[in-house]
Amino acid sequence: MSLFALTRRAPFRYSALVRLSSLSLYSRHDGSFSVRQVSTRSTSHTNGIRYVRNIGIIAHVDAGKTTTTEQMLYNCRALKHAGNVDHGDTVTDFLPMERQRGITIQSAAITFSWPLKERLNLDGQQYVINLIDTPGHVDFRFEVERCMPVLDGAICVIDGVEGVEAHTERVWSSAQEFKVPRIVFVNKLDRDGASFKKSVQDIGLKLNGMPLVCQIPWWNKETIQGVVDVISRSVVSWAGTKDNPEELSKRTLEGTIKAETERARETLIEQLCERDDELLEVWTSQGKDLPEAAIKAAIRRVVNDGEGSLIPIFAGSSLKNIGVASLLDAVIDYLPSPLDRPELEVRVGRIHKPLSLALQPPKYSGKLQRHGEALASVFKVVNDPGRGMLTFVRIHHGVLKKNTPLWNANLQQFERPLNMLQISAGQTIEIPHLSPGQIGAITGLRAARTGDTLLSFGSSKATQTDLAIIQVRPPELPPAVAFIVLDAYSPTGAKALEAALENLSREDPSLRWSKDEKTEQYTLSGMGRLHLEVARDRLENHYKAQAYWGAISVDYKECLTVPTAPHRTVFDKVVAGKAGKAACSVVIEPLQDHHYNTLSSSYLERDGNIIQVEFPREDLVSDIETTRQQLTNGVISALARGPRRSSPMHKCLVTITYDATTDSFGPTTGAHLVGAANMAVRSALKEAYQQGTVGILEPVMQVTIVCPEVTAGAVQHDIQSVRGGHVLEIKDMQETTARQGGPIDASDIYAPPDPYEFQTTLREARKGRLRMLEITARVPFVEMLDYDTHLRGKTQGRHTLTMALDTFERVTGPREKAL
């Protein structure tokens, strides 16, 4: 292993996975880089991958994700001192606006090694951890979800005072969808009112898995002073010791904490035996006092299936650096390496198949076909002021080498990378190649976007097999709910603004922009107020774009209320100096649930609309896929602006019919096919508007508000009577009863006692906390734009508000006339 020293920080460790002759270390100082050459020794690919952990940190906003990351870097000696979110000096929150607001906006990727050499046994091995610190604010949920497919494991951080909060449940369900193995870290146990017991119960009842208590806090009166590992029956963290093994070995378990540890260990073994047959066999032959290795192996097997049926729980306080080193040990012990994960499933055309099957060459081929030397997926694109666009990738197959031409399967074009980097937030380490399972960044790609799939064929010629259209988990873009209008200062500034908007949408595909050719105004759409405020800050301060900015508004949609009649359009114009002629027919219908049962095999779902192209005479069309793509592009551009208020169309089923016997007029360009589909859709929508069958849709949010009981009545009245919302549920945050129909019974959950007892009635406050109620409601987004500010006056700032898009609903009555 090689040791790196950061120029502006403390020593930074990095472990070589592959044969590297030399590496360059860069440290950024206001856009400039200092370079140092360092060398490393080689290891084999397969053995190296076993010592890799690609993990993410997910949680609700302000649960302590970034602080946990800082302490991890501090414990592995990458930092001389851990940064503090409140002081604005953290490594992962390196954007100016992140440090100003104290929140994480972008996912930051960091690479470091663990454990330290002095912690290793004689035959021990350091592991390389690729860690992604993700945002917790719901406006940046897309940032979290586009990272999920590249993770092999995740740490879910929970606030020990608040328990499981609304956004925690959302990101947990995202991880469940991708079957990402997870462990939970209950943080902030040093704060007044923290409750490890309630947090454990919350995990079981709200995350729908049985809590597996692997550690318990050691309390000193009402303050955490250490953490006890249940499996090893030893103290693994103690305040003020930097978790030095020699210091920890002096702490022995006695009295109450020893008895509780034995009880927790016995419960843990029982829960594991119910789900792991191998451990049950060991228990049958050896009895209940099982060895540590057998228990850890069982936890690893149960966690690695990604089902979340058992949820290992760890305890600590990141701010006090209690339990962080033992959490890193848990990452090594329980979360999988890339080799332990199920084989990746890819999409080839409309067919899903295992990666190994997709990479196999055709059995019967007239000539030798190029095979894929490497395959990677793009999960993030960032514009770095010193190095340009950085494209973050996860390698799924082969070794991706520097300067090798890369085939973009989504854009169907080649690009040539310049450099390959290991990223540590603001610092970069240049490397010659990326190995299977690794996460890194590539410079020099001019077109790659999030969700693209990159392949290396060893040459600049694409294969003619299905490999050319392979895709790895393309992201699903949620519909925008808010927008802002901006005007460029001048024609020269307009070009710079368009370039900045294009780069910004490459960085974050959930930001979309368009230009009105008549007014020459630009519209930028996003996922909420904070999302657009951050986008504006990035445009002004990073890209130096100058513009007049309007107010943030709700992004309404337009829809059809009845189907249109068939419309056939002939497009006969000169495009880009080339004459041509093309035609097609279109029918547009309101999208209903039953339509999904009758869709053709090749359809596209985009921005809430479904587009399908039909060919009555496929034998007369020379290139069906290209023709389908060009007609689809014409439909997409036409649906971007509706006829009533120039808002995007939503919930439409568009069926394009291209009959080669009547719609083909000889050789033509793709632009004419695009034009024909665009004109046909616009013509159909215009007629629908004239007939009064175009309605307006508004985004309706599912809102979760946690506030004191004394103000809950006023908040509930305001939502229903003033805001036009509907309250769905009101819950007491201290309730520990299981949800109706939930898979976990509260009586089955083991949780160690807290240093103080709960009060006997719900009306009495728990020590150190107000009685808090959680209100869940559905409210039109237009009423929620500035609602957080309004709530502060009602709750004196003692509330939390989260919301996510629930659906789009039709606007009717006086509100429709007002729009």
# chains A, B, ... in the order shown; residues from 1 in each chain; ligands from 1
>>> residues_around(residues="Gly440 in chain A", least_positions_apart="5", cutoff="12 Å", atoms="only C-alpha atoms", output="NGL selection string")
:A and (54 or 108-111 or 130-132 or 150 or 376-381 or 390-395 or 400-402 or 419-425 or 428-435)
>>> residues_around(residues="Ala804 in chain A", least_positions_apart="2", cutoff="12 Å", atoms="only C-alpha atoms", output="MDAnalysis selection string")
chainID A and resid 137:142 166:167 170:171 478:481 527:528 699:704 776:781 784 801:802 806:808
>>> write_last_selection(atoms="N, CA, C and O atoms", output="tab-separated table (two decimals), in the first residue's frame")
chain	number	residue	atom	x	y	z
A	137	HIS	N	-31.70	16.70	1.50
A	137	HIS	CA	-32.89	17.50	1.22
A	137	HIS	C	-33.67	16.87	0.08
A	137	HIS	O	-33.11	16.41	-0.91
A	138	VAL	N	-35.00	16.86	0.20
A	138	VAL	CA	-35.85	16.16	-0.76
A	138	VAL	C	-35.75	16.77	-2.15
A	138	VAL	O	-35.95	16.07	-3.15
A	139	ASP	N	-35.41	18.06	-2.29
A	139	ASP	CA	-35.25	18.66	-3.61
A	139	ASP	C	-34.13	18.01	-4.40
A	139	ASP	O	-34.07	18.12	-5.62
A	140	PHE	N	-33.20	17.34	-3.70
A	140	PHE	CA	-32.06	16.72	-4.37
A	140	PHE	C	-32.16	15.20	-4.32
A	140	PHE	O	-31.16	14.50	-4.35
A	141	ARG	N	-33.39	14.70	-4.26
A	141	ARG	CA	-33.58	13.26	-4.19
A	141	ARG	C	-33.03	12.57	-5.45
A	141	ARG	O	-32.49	11.47	-5.38
A	142	PHE	N	-33.13	13.24	-6.60
A	142	PHE	CA	-32.61	12.66	-7.83
A	142	PHE	C	-31.10	12.45	-7.71
A	142	PHE	O	-30.56	11.46	-8.22
A	166	ALA	N	-39.03	11.57	7.60
A	166	ALA	CA	-39.75	11.30	6.34
A	166	ALA	C	-38.81	10.96	5.19
A	166	ALA	O	-39.00	9.97	4.48
A	167	HIS	N	-37.78	11.79	4.99
A	167	HIS	CA	-36.91	11.54	3.83
A	167	HIS	C	-36.07	10.29	4.02
A	167	HIS	O	-35.66	9.65	3.04
A	170	ARG	N	-37.90	7.60	2.44
A	170	ARG	CA	-37.87	7.66	0.97
A	170	ARG	C	-36.57	7.10	0.42
A	170	ARG	O	-36.57	6.31	-0.53
A	171	VAL	N	-35.44	7.51	0.99
A	171	VAL	CA	-34.16	7.02	0.45
A	171	VAL	C	-33.97	5.54	0.81
A	171	VAL	O	-33.33	4.80	0.06
A	478	PRO	N	-37.67	12.58	-12.81
A	478	PRO	CA	-38.99	12.98	-12.31
A	478	PRO	C	-39.45	14.26	-13.00
A	478	PRO	O	-38.62	15.08	-13.43
A	479	PRO	N	-40.76	14.48	-13.13
A	479	PRO	CA	-41.25	15.72	-13.75
A	479	PRO	C	-40.94	16.92	-12.87
A	479	PRO	O	-40.96	16.84	-11.64
A	480	ALA	N	-40.65	18.05	-13.53
A	480	ALA	CA	-40.35	19.29	-12.80
A	480	ALA	C	-41.62	19.85	-12.16
A	480	ALA	O	-42.72	19.66	-12.68
A	481	VAL	N	-41.44	20.54	-11.02
A	481	VAL	CA	-42.60	21.12	-10.34
A	481	VAL	C	-42.49	22.64	-10.18
A	481	VAL	O	-43.44	23.29	-9.77
A	527	MET	N	-36.84	20.77	-9.35
A	527	MET	CA	-37.63	19.95	-8.43
A	527	MET	C	-38.16	20.71	-7.21
A	527	MET	O	-38.78	20.13	-6.34
A	528	GLY	N	-37.91	22.01	-7.14
A	528	GLY	CA	-38.41	22.77	-6.00
A	528	GLY	C	-37.67	24.09	-5.85
A	528	GLY	O	-36.75	24.40	-6.62
A	699	PRO	N	-48.98	20.48	-9.84
A	699	PRO	CA	-48.33	19.50	-8.96
A	699	PRO	C	-48.94	19.53	-7.57
A	699	PRO	O	-49.15	20.60	-6.99
A	700	VAL	N	-49.23	18.35	-7.04
A	700	VAL	CA	-49.75	18.21	-5.68
A	700	VAL	C	-48.69	17.45	-4.88
A	700	VAL	O	-48.23	16.38	-5.30
A	701	MET	N	-48.32	18.02	-3.74
A	701	MET	CA	-47.23	17.46	-2.95
A	701	MET	C	-47.76	16.67	-1.76
A	701	MET	O	-48.80	17.01	-1.19
A	702	GLN	N	-47.04	15.62	-1.40
A	702	GLN	CA	-47.29	14.97	-0.11
A	702	GLN	C	-46.37	15.64	0.90
A	702	GLN	O	-45.15	15.58	0.79
A	703	VAL	N	-46.96	16.30	1.86
A	703	VAL	CA	-46.24	17.14	2.81
A	703	VAL	C	-46.23	16.47	4.18
A	703	VAL	O	-47.24	15.95	4.64
A	704	THR	N	-45.05	16.48	4.80
A	704	THR	CA	-44.91	15.97	6.17
A	704	THR	C	-44.40	17.10	7.05
A	704	THR	O	-43.32	17.65	6.80
A	776	THR	N	-49.33	14.53	8.11
A	776	THR	CA	-49.13	14.18	6.70
A	776	THR	C	-50.34	14.68	5.91
A	776	THR	O	-51.49	14.41	6.29
A	777	ALA	N	-50.09	15.42	4.83
A	777	ALA	CA	-51.18	16.02	4.06
A	777	ALA	C	-50.81	16.07	2.58
A	777	ALA	O	-49.65	15.94	2.21
A	778	ARG	N	-51.84	16.26	1.75
A	778	ARG	CA	-51.65	16.50	0.31
A	778	ARG	C	-52.08	17.94	0.05
A	778	ARG	O	-53.23	18.31	0.34
A	779	VAL	N	-51.17	18.72	-0.51
A	779	VAL	CA	-51.42	20.15	-0.69
A	779	VAL	C	-50.91	20.58	-2.07
A	779	VAL	O	-49.84	20.13	-2.49
A	780	PRO	N	-51.65	21.46	-2.79
A	780	PRO	CA	-51.13	21.99	-4.06
A	780	PRO	C	-49.79	22.70	-3.84
A	780	PRO	O	-49.61	23.44	-2.86
A	781	PHE	N	-48.85	22.47	-4.75
A	781	PHE	CA	-47.51	23.00	-4.57
A	781	PHE	C	-47.49	24.53	-4.55
A	781	PHE	O	-46.65	25.14	-3.88
A	784	MET	N	-47.39	25.87	-1.24
A	784	MET	CA	-46.28	25.48	-0.37
A	784	MET	C	-44.97	26.18	-0.72
A	784	MET	O	-43.96	25.94	-0.05
A	801	LEU	N	-40.26	20.53	7.86
A	801	LEU	CA	-41.19	20.38	6.74
A	801	LEU	C	-40.47	19.69	5.60
A	801	LEU	O	-39.40	20.14	5.17
A	802	THR	N	-41.01	18.60	5.14
A	802	THR	CA	-40.50	17.93	3.94
A	802	THR	C	-41.68	17.66	3.02
A	802	THR	O	-42.80	17.43	3.47
A	806	ASP	N	-46.42	14.14	-5.25
A	806	ASP	CA	-47.34	13.01	-5.15
A	806	ASP	C	-47.96	12.70	-6.51
A	806	ASP	O	-47.89	11.58	-6.99
A	807	THR	N	-48.54	13.72	-7.14
A	807	THR	CA	-49.15	13.52	-8.46
A	807	THR	C	-49.45	14.88	-9.08
A	807	THR	O	-49.23	15.92	-8.45
A	808	PHE	N	-49.93	14.87	-10.31
A	808	PHE	CA	-50.46	16.08	-10.96
A	808	PHE	C	-51.97	15.93	-11.05
A	808	PHE	O	-52.47	14.89	-11.49
>>> closest_residue(among="A:Asn75, A:Asn597, A:Thr134, A:Asn410", to="Pro115 in chain A", atoms="only C-alpha atoms")
A:Asn75
>>> select_by_dssp(residues="range 212-373 of chain A", states="strand (DSSP E)", output="PyMOL selection string")
chain A and resi 212-213+215-220+223-229+234-238+310-315+345-348+351-354
>>> closest_residue(among="A:Leu773, A:Val128, A:Val227, A:Ala582", to="Met733 in chain A", atoms="only C-alpha atoms")
A:Leu773
>>> select_by_dssp(residues="range 483-627 of chain A", states="alpha helix (DSSP H)", output="mmCIF file with all heavy atoms, in the first residue's frame")
data_model
loop_
_atom_site.group_PDB
_atom_site.id
_atom_site.type_symbol
_atom_site.label_atom_id
_atom_site.label_comp_id
_atom_site.auth_asym_id
_atom_site.auth_seq_id
_atom_site.Cartn_x
_atom_site.Cartn_y
_atom_site.Cartn_z
ATOM 1 N N PRO A 491 -27.143 39.924 -26.679
ATOM 2 C CA PRO A 491 -26.993 38.764 -27.584
ATOM 3 C C PRO A 491 -25.718 37.975 -27.308
ATOM 4 O O PRO A 491 -25.715 36.748 -27.391
ATOM 5 C CB PRO A 491 -26.969 39.410 -28.975
ATOM 6 C CG PRO A 491 -27.737 40.682 -28.812
ATOM 7 C CD PRO A 491 -27.426 41.168 -27.437
ATOM 8 N N THR A 492 -24.638 38.689 -26.974
ATOM 9 C CA THR A 492 -23.396 37.983 -26.643
ATOM 10 C C THR A 492 -23.569 37.188 -25.354
ATOM 11 O O THR A 492 -23.118 36.040 -25.244
ATOM 12 C CB THR A 492 -22.240 38.981 -26.471
ATOM 13 O OG1 THR A 492 -22.155 39.783 -27.647
ATOM 14 C CG2 THR A 492 -20.932 38.259 -26.234
ATOM 15 N N GLY A 493 -24.225 37.818 -24.382
ATOM 16 C CA GLY A 493 -24.471 37.124 -23.121
ATOM 17 C C GLY A 493 -25.408 35.949 -23.279
ATOM 18 O O GLY A 493 -25.347 34.999 -22.494
ATOM 19 N N ALA A 494 -26.280 35.987 -24.295
ATOM 20 C CA ALA A 494 -27.221 34.887 -24.526
ATOM 21 C C ALA A 494 -26.476 33.612 -24.897
ATOM 22 O O ALA A 494 -26.843 32.513 -24.452
ATOM 23 C CB ALA A 494 -28.212 35.259 -25.625
ATOM 24 N N LYS A 495 -25.412 33.732 -25.700
ATOM 25 C CA LYS A 495 -24.639 32.540 -26.071
ATOM 26 C C LYS A 495 -23.950 31.936 -24.852
ATOM 27 O O LYS A 495 -23.944 30.712 -24.670
ATOM 28 C CB LYS A 495 -23.605 32.916 -27.131
ATOM 29 C CG LYS A 495 -24.210 33.300 -28.477
ATOM 30 C CD LYS A 495 -23.130 33.598 -29.495
ATOM 31 C CE LYS A 495 -23.753 33.983 -30.848
ATOM 32 N NZ LYS A 495 -22.700 34.296 -31.855
ATOM 33 N N ALA A 496 -23.389 32.804 -24.005
ATOM 34 C CA ALA A 496 -22.738 32.311 -22.791
ATOM 35 C C ALA A 496 -23.759 31.688 -21.843
ATOM 36 O O ALA A 496 -23.486 30.666 -21.195
ATOM 37 C CB ALA A 496 -21.999 33.456 -22.102
ATOM 38 N N LEU A 497 -24.953 32.287 -21.791
ATOM 39 C CA LEU A 497 -25.999 31.755 -20.918
ATOM 40 C C LEU A 497 -26.467 30.384 -21.399
ATOM 41 O O LEU A 497 -26.669 29.471 -20.599
ATOM 42 C CB LEU A 497 -27.176 32.732 -20.865
ATOM 43 C CG LEU A 497 -28.353 32.339 -19.963
ATOM 44 C CD1 LEU A 497 -27.896 32.168 -18.519
ATOM 45 C CD2 LEU A 497 -29.466 33.378 -20.057
ATOM 46 N N GLU A 498 -26.628 30.233 -22.720
ATOM 47 C CA GLU A 498 -27.051 28.939 -23.257
ATOM 48 C C GLU A 498 -26.005 27.862 -22.977
ATOM 49 O O GLU A 498 -26.347 26.729 -22.623
ATOM 50 C CB GLU A 498 -27.298 29.059 -24.765
ATOM 51 C CG GLU A 498 -28.581 29.802 -25.109
ATOM 52 C CD GLU A 498 -28.864 29.803 -26.606
ATOM 53 O OE1 GLU A 498 -28.293 28.941 -27.315
ATOM 54 O OE2 GLU A 498 -29.641 30.651 -27.059
ATOM 55 N N ALA A 499 -24.727 28.213 -23.127
ATOM 56 C CA ALA A 499 -23.662 27.241 -22.832
ATOM 57 C C ALA A 499 -23.676 26.853 -21.364
ATOM 58 O O ALA A 499 -23.505 25.670 -21.007
ATOM 59 C CB ALA A 499 -22.305 27.825 -23.214
ATOM 60 N N ALA A 500 -23.901 27.840 -20.480
ATOM 61 C CA ALA A 500 -23.954 27.556 -19.047
ATOM 62 C C ALA A 500 -25.152 26.677 -18.705
ATOM 63 O O ALA A 500 -25.035 25.736 -17.908
ATOM 64 C CB ALA A 500 -24.009 28.862 -18.261
ATOM 65 N N LEU A 501 -26.311 26.969 -19.294
ATOM 66 C CA LEU A 501 -27.509 26.164 -19.040
ATOM 67 C C LEU A 501 -27.317 24.729 -19.532
ATOM 68 O O LEU A 501 -27.757 23.773 -18.880
ATOM 69 C CB LEU A 501 -28.721 26.794 -19.715
ATOM 70 C CG LEU A 501 -29.271 28.074 -19.070
ATOM 71 C CD1 LEU A 501 -30.278 28.748 -19.991
ATOM 72 C CD2 LEU A 501 -29.911 27.764 -17.716
ATOM 73 N N GLU A 502 -26.660 24.581 -20.680
ATOM 74 C CA GLU A 502 -26.418 23.245 -21.221
ATOM 75 C C GLU A 502 -25.491 22.446 -20.308
ATOM 76 O O GLU A 502 -25.723 21.269 -20.024
ATOM 77 C CB GLU A 502 -25.824 23.352 -22.628
ATOM 78 C CG GLU A 502 -25.582 22.010 -23.312
ATOM 79 C CD GLU A 502 -26.847 21.189 -23.492
ATOM 80 O OE1 GLU A 502 -27.942 21.787 -23.633
ATOM 81 O OE2 GLU A 502 -26.747 19.946 -23.481
ATOM 82 N N ASN A 503 -24.425 23.100 -19.821
ATOM 83 C CA ASN A 503 -23.508 22.420 -18.905
ATOM 84 C C ASN A 503 -24.203 22.075 -17.589
ATOM 85 O O ASN A 503 -23.971 21.004 -17.008
ATOM 86 C CB ASN A 503 -22.282 23.295 -18.628
ATOM 87 C CG ASN A 503 -21.293 23.277 -19.778
ATOM 88 O OD1 ASN A 503 -21.217 22.306 -20.528
ATOM 89 N ND2 ASN A 503 -20.530 24.343 -19.922
ATOM 90 N N LEU A 504 -25.051 22.982 -17.113
ATOM 91 C CA LEU A 504 -25.763 22.745 -15.860
ATOM 92 C C LEU A 504 -26.709 21.559 -15.991
ATOM 93 O O LEU A 504 -26.829 20.738 -15.071
ATOM 94 C CB LEU A 504 -26.534 24.000 -15.458
ATOM 95 C CG LEU A 504 -27.105 24.031 -14.036
ATOM 96 C CD1 LEU A 504 -25.977 24.057 -13.014
ATOM 97 C CD2 LEU A 504 -28.005 25.249 -13.850
ATOM 98 N N SER A 505 -27.374 21.431 -17.142
ATOM 99 C CA SER A 505 -28.293 20.302 -17.329
ATOM 100 C C SER A 505 -27.532 19.000 -17.542
ATOM 101 O O SER A 505 -28.062 17.919 -17.292
ATOM 102 C CB SER A 505 -29.228 20.568 -18.513
ATOM 103 O OG SER A 505 -28.510 20.649 -19.721
ATOM 104 N N ARG A 506 -26.274 19.085 -18.007
ATOM 105 C CA ARG A 506 -25.432 17.882 -18.065
ATOM 106 C C ARG A 506 -25.054 17.430 -16.662
ATOM 107 O O ARG A 506 -25.045 16.239 -16.358
ATOM 108 C CB ARG A 506 -24.145 18.159 -18.853
ATOM 109 C CG ARG A 506 -24.246 17.990 -20.357
ATOM 110 C CD ARG A 506 -22.878 18.074 -20.993
ATOM 111 N NE ARG A 506 -22.044 16.937 -20.628
ATOM 112 C CZ ARG A 506 -20.741 16.867 -20.860
ATOM 113 N NH1 ARG A 506 -20.102 17.888 -21.421
ATOM 114 N NH2 ARG A 506 -20.051 15.800 -20.521
ATOM 115 N N GLU A 507 -24.756 18.394 -15.804
ATOM 116 C CA GLU A 507 -24.431 18.081 -14.417
ATOM 117 C C GLU A 507 -25.626 17.466 -13.697
ATOM 118 O O GLU A 507 -25.483 16.501 -12.954
ATOM 119 C CB GLU A 507 -24.000 19.347 -13.668
ATOM 120 C CG GLU A 507 -22.643 19.884 -14.046
ATOM 121 C CD GLU A 507 -22.226 21.003 -13.107
ATOM 122 O OE1 GLU A 507 -22.439 20.867 -11.896
ATOM 123 O OE2 GLU A 507 -21.698 22.013 -13.581
ATOM 124 N N ARG A 529 -38.061 24.864 -4.868
ATOM 125 C CA ARG A 529 -37.472 26.195 -4.662
ATOM 126 C C ARG A 529 -35.971 26.105 -4.391
ATOM 127 O O ARG A 529 -35.180 26.802 -5.026
ATOM 128 C CB ARG A 529 -38.183 26.896 -3.505
ATOM 129 C CG ARG A 529 -37.524 28.207 -3.085
ATOM 130 C CD ARG A 529 -38.281 28.891 -1.962
ATOM 131 N NE ARG A 529 -39.504 29.513 -2.465
ATOM 132 C CZ ARG A 529 -39.538 30.713 -3.038
ATOM 133 N NH1 ARG A 529 -38.430 31.409 -3.194
ATOM 134 N NH2 ARG A 529 -40.676 31.216 -3.458
ATOM 135 N N LEU A 530 -35.568 25.266 -3.440
ATOM 136 C CA LEU A 530 -34.147 25.168 -3.100
ATOM 137 C C LEU A 530 -33.330 24.681 -4.286
ATOM 138 O O LEU A 530 -32.219 25.163 -4.539
ATOM 139 C CB LEU A 530 -33.952 24.240 -1.901
ATOM 140 C CG LEU A 530 -32.510 24.055 -1.428
ATOM 141 C CD1 LEU A 530 -31.902 25.388 -1.016
ATOM 142 C CD2 LEU A 530 -32.435 23.057 -0.280
ATOM 143 N N HIS A 531 -33.874 23.752 -5.029
ATOM 144 C CA HIS A 531 -33.198 23.215 -6.216
ATOM 145 C C HIS A 531 -32.884 24.343 -7.205
ATOM 146 O O HIS A 531 -31.759 24.450 -7.720
ATOM 147 C CB HIS A 531 -34.104 22.166 -6.874
ATOM 148 C CG HIS A 531 -33.396 21.316 -7.881
ATOM 149 N ND1 HIS A 531 -34.065 20.641 -8.873
ATOM 150 C CD2 HIS A 531 -32.092 21.042 -8.075
ATOM 151 C CE1 HIS A 531 -33.212 19.981 -9.614
ATOM 152 N NE2 HIS A 531 -32.006 20.201 -9.157
ATOM 153 N N LEU A 532 -33.860 25.212 -7.457
ATOM 154 C CA LEU A 532 -33.658 26.310 -8.404
ATOM 155 C C LEU A 532 -32.768 27.408 -7.814
ATOM 156 O O LEU A 532 -32.008 28.051 -8.547
ATOM 157 C CB LEU A 532 -35.012 26.881 -8.827
ATOM 158 C CG LEU A 532 -35.861 25.960 -9.714
ATOM 159 C CD1 LEU A 532 -37.210 26.598 -10.012
ATOM 160 C CD2 LEU A 532 -35.147 25.653 -11.032
ATOM 161 N N GLU A 533 -32.858 27.637 -6.515
ATOM 162 C CA GLU A 533 -31.972 28.626 -5.895
ATOM 163 C C GLU A 533 -30.513 28.196 -6.012
ATOM 164 O O GLU A 533 -29.622 29.016 -6.287
ATOM 165 C CB GLU A 533 -32.349 28.818 -4.426
ATOM 166 C CG GLU A 533 -33.644 29.604 -4.223
ATOM 167 C CD GLU A 533 -34.048 29.688 -2.762
ATOM 168 O OE1 GLU A 533 -33.408 28.989 -1.927
ATOM 169 O OE2 GLU A 533 -35.000 30.425 -2.448
ATOM 170 N N VAL A 534 -30.264 26.908 -5.819
ATOM 171 C CA VAL A 534 -28.903 26.392 -5.966
ATOM 172 C C VAL A 534 -28.456 26.484 -7.424
ATOM 173 O O VAL A 534 -27.306 26.834 -7.714
ATOM 174 C CB VAL A 534 -28.837 24.937 -5.453
ATOM 175 C CG1 VAL A 534 -27.504 24.299 -5.820
ATOM 176 C CG2 VAL A 534 -29.035 24.897 -3.950
ATOM 177 N N ALA A 535 -29.360 26.180 -8.358
ATOM 178 C CA ALA A 535 -29.031 26.278 -9.783
ATOM 179 C C ALA A 535 -28.689 27.722 -10.161
ATOM 180 O O ALA A 535 -27.726 27.972 -10.905
ATOM 181 C CB ALA A 535 -30.198 25.772 -10.630
ATOM 182 N N ARG A 536 -29.448 28.677 -9.651
ATOM 183 C CA ARG A 536 -29.157 30.087 -9.931
ATOM 184 C C ARG A 536 -27.796 30.483 -9.371
ATOM 185 O O ARG A 536 -27.007 31.158 -10.043
ATOM 186 C CB ARG A 536 -30.258 30.971 -9.337
ATOM 187 C CG ARG A 536 -29.960 32.463 -9.489
ATOM 188 C CD ARG A 536 -31.102 33.333 -8.993
ATOM 189 N NE ARG A 536 -30.741 34.749 -9.081
ATOM 190 C CZ ARG A 536 -31.574 35.745 -8.835
ATOM 191 N NH1 ARG A 536 -32.817 35.485 -8.475
ATOM 192 N NH2 ARG A 536 -31.186 36.999 -8.947
ATOM 193 N N ASP A 537 -27.527 30.059 -8.143
ATOM 194 C CA ASP A 537 -26.232 30.366 -7.537
ATOM 195 C C ASP A 537 -25.092 29.777 -8.361
ATOM 196 O O ASP A 537 -24.052 30.413 -8.550
ATOM 197 C CB ASP A 537 -26.204 29.808 -6.111
ATOM 198 C CG ASP A 537 -24.881 30.068 -5.411
ATOM 199 O OD1 ASP A 537 -24.721 31.183 -4.871
ATOM 200 O OD2 ASP A 537 -24.013 29.177 -5.418
ATOM 201 N N ILE A 624 -35.749 0.825 -39.423
ATOM 202 C CA ILE A 624 -36.903 1.081 -38.552
ATOM 203 C C ILE A 624 -36.499 1.828 -37.289
ATOM 204 O O ILE A 624 -37.160 2.795 -36.886
ATOM 205 C CB ILE A 624 -37.613 -0.238 -38.196
ATOM 206 C CG1 ILE A 624 -38.380 -0.756 -39.416
ATOM 207 C CG2 ILE A 624 -38.581 -0.047 -37.029
ATOM 208 C CD1 ILE A 624 -39.144 -2.028 -39.179
ATOM 209 N N GLU A 625 -35.402 1.400 -36.632
ATOM 210 C CA GLU A 625 -35.017 2.015 -35.357
ATOM 211 C C GLU A 625 -34.644 3.486 -35.523
ATOM 212 O O GLU A 625 -35.019 4.335 -34.713
ATOM 213 C CB GLU A 625 -33.854 1.238 -34.722
ATOM 214 C CG GLU A 625 -34.248 -0.120 -34.180
ATOM 215 C CD GLU A 625 -35.386 -0.042 -33.161
ATOM 216 O OE1 GLU A 625 -35.396 0.892 -32.335
ATOM 217 O OE2 GLU A 625 -36.272 -0.907 -33.204
ATOM 218 N N THR A 626 -33.925 3.805 -36.592
ATOM 219 C CA THR A 626 -33.556 5.205 -36.827
ATOM 220 C C THR A 626 -34.792 6.048 -37.126
ATOM 221 O O THR A 626 -34.949 7.163 -36.617
ATOM 222 C CB THR A 626 -32.546 5.305 -37.987
ATOM 223 O OG1 THR A 626 -31.389 4.530 -37.658
ATOM 224 C CG2 THR A 626 -32.136 6.754 -38.227
ATOM 225 N N THR A 627 -35.686 5.505 -37.952
ATOM 226 C CA THR A 627 -36.922 6.226 -38.281
ATOM 227 C C THR A 627 -37.773 6.440 -37.036
ATOM 228 O O THR A 627 -38.330 7.528 -36.822
ATOM 229 C CB THR A 627 -37.721 5.449 -39.339
ATOM 230 O OG1 THR A 627 -36.891 5.225 -40.493
ATOM 231 C CG2 THR A 627 -38.969 6.212 -39.751
#
>>> residues_around(residues="range 587-592 of chain A", least_positions_apart="2", cutoff="8 Å", atoms="only C-alpha atoms", output="list in words")
Cys559, Leu560, Thr561, Val562, Pro563, Thr564, Ala565, Pro566, His567, Ser585, His594, His595, Tyr596, Asn609, Ile610, Lys651, Cys652, Leu653, Val654, Thr655, Ile656, Val681 and Ala684 of chain A
>>> closest_residue(among="A:Asp732, A:Asp243, A:Glu520, A:Asp340", to="Arg50 in chain A", atoms="only C-alpha atoms")
A:Asp340
>>> residues_around(residues="Ala551 in chain A", least_positions_apart="2", cutoff="8 Å", atoms="only C-alpha atoms", output="ChimeraX atom specification")
/A:484-485,549,553
